[in-house]
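Engineer: Supplied in structure tokens, the structure appears directly below.
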Amino acid sequence: MTQDEMKKEAGWAALKYVEKGSIVGVGTGSTVNHFIDALGTMKEEIKGAVSSSVASTERLKELEIEVFDCNEVAGLDIYVDGADEINADREMIKGGGAALTREKIVAAISDKFICIVDNTKAVDVLGEFPLPVEVIPMARSYVARELVKLGGDPVYREGCTTDNGNVILDIYGLKITNPKDLEDKINALPGVVTVGLFAHRGADVVITGTAEGAKIEE
């Protein structure tokens, strides 16, 4: 089974958590695209979705699923999204697709975070995947210098502008043994919009696509 097929297994398995009449939080990325396709099969049974990116919004609208602004809802039952890395404590690195800030906002208003991944994303220690940080453009050099002090090697993501009009610094060379502490330190830097560590708000359910099908950990 290919990696994409395993992503599809995870994406479609998340459909069991979608309740009729609900508004669904939808993330961003290749695994989530499979979930959006699955969601399209029951679009008549849901009110719509809140999306974390322009790309996901366009895909949802193509399937004629109504997309609500985050400010129009008080909360969501579930948020379905992928991860670039996830550890045994269900703490994650996200932001490979540069949608980390909106993803973190939608996760914050959701009762249950359902993380859908293929089996290559599970790690013992976070940090092999470069940690994304969304930064206001004028603060880029300052934040990069501060990230070096934290032990990382920040690299400006060339040609990338987030949906919020900001830039991304990817931090290489980290072994993140205390994700909550590092999340707090980076978020406290002036000019940082948010860091792609989802440690304080980790996953509640992990669905992993494997060659044997979807493995669900609740």
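As shown in the structure tokens, the chain order sets the letters A, B, ...; within each chain, residues go from 1, and ligands are also counted from 1 in the order they appear.
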Running DSSP on the backbone, which parts of chain A land in helix (DSSP H, G or I), as a VMD selection string?
Structural biologist: chain A and resid 3 to 17 30 to 45 54 to 62 70 to 72 100 to 108 137 to 149 179 to 187
Engineer: Using DSSP on the backbone, list every residue of region 38-193 of chain A that comes out as strand (DSSP E or B), and give them as a ChimeraX atom specification.
Structural biologist: /A:48-51,67-68,76-81,85-86,92-93,110-118,122,126,131-135,153-156,167-172,176,192-193
Engineer: Could you pull the residues within 8 Å of region 57-72 of chain A, counting only C-alpha atoms, minus those fewer than 6 positions along the same chain, as a ChimeraX atom specification?
Structural biologist: /A:33,36-37,40,43,47-51,106
Engineer: Residues near region 191-197 of chain A, anyone? I mean within 6 Å using only C-alpha atoms, not counting same-chain ones fewer than 4 positions away, as a list in words.
Structural biologist: Met92, Ile93, Lys94, Gly95, Leu100, Thr101, Pro132, Val133, Glu134, Val135, Ile136, Ala139, Glu183 and Asn187 of chain A
Engineer: One decimal, in Å: what's the spacing between CA of Phe129 (chain A) and CA of Ile109 (chain A)?
Structural biologist: 26.3 Å
Engineer: Residues near region 75-89 of chain A, anyone? I mean within 9 Å using only C-alpha atoms, not counting same-chain ones fewer than 5 positions away, as a ChimeraX atom specification.
Structural biologist: /A:11,14,17-19,22-32,35,50,70,94-96,103,106-118,120-129,199,202-203
Engineer: When you draw a straight line from CA of Glu217 (chain A) to CA of Asp170 (chain A), how long is it in Å?
Structural biologist: 29.4 Å
Engineer: Identify, on the basis of only C-alpha atoms, every residue whose closest approach to Ala214 (chain A) does not exceed 6 Å; exclude the query and any residue fewer than 5 positions from it along the same chain; express the result as a PDB file with N, CA, C and O atoms, in the first residue's frame.
Structural biologist:
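around.pdb was written with the following content:
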ATOM      1  N   GLU A   9      -6.816   5.953   3.977  1.00  0.00           N
ATOM      2  CA  GLU A   9      -7.406   5.113   5.024  1.00  0.00           C
ATOM      3  C   GLU A   9      -7.710   5.950   6.270  1.00  0.00           C
ATOM      4  O   GLU A   9      -8.791   5.853   6.866  1.00  0.00           O
ATOM      5  N   ALA A  10      -6.740   6.788   6.666  1.00  0.00           N
ATOM      6  CA  ALA A  10      -6.916   7.625   7.857  1.00  0.00           C
ATOM      7  C   ALA A  10      -7.996   8.673   7.638  1.00  0.00           C
ATOM      8  O   ALA A  10      -8.845   8.902   8.516  1.00  0.00           O
ATOM      9  N   THR A 208      -4.289   6.485  12.490  1.00  0.00           N
ATOM     10  CA  THR A 208      -3.095   6.246  11.692  1.00  0.00           C
ATOM     11  C   THR A 208      -3.411   5.302  10.551  1.00  0.00           C
ATOM     12  O   THR A 208      -3.919   4.193  10.770  1.00  0.00           O
ATOM     13  N   GLY A 209      -3.131   5.739   9.340  1.00  0.00           N
ATOM     14  CA  GLY A 209      -3.302   4.880   8.183  1.00  0.00           C
ATOM     15  C   GLY A 209      -2.123   3.933   8.061  1.00  0.00           C
ATOM     16  O   GLY A 209      -0.970   4.366   8.063  1.00  0.00           O
TER      17      GLY A 209
END
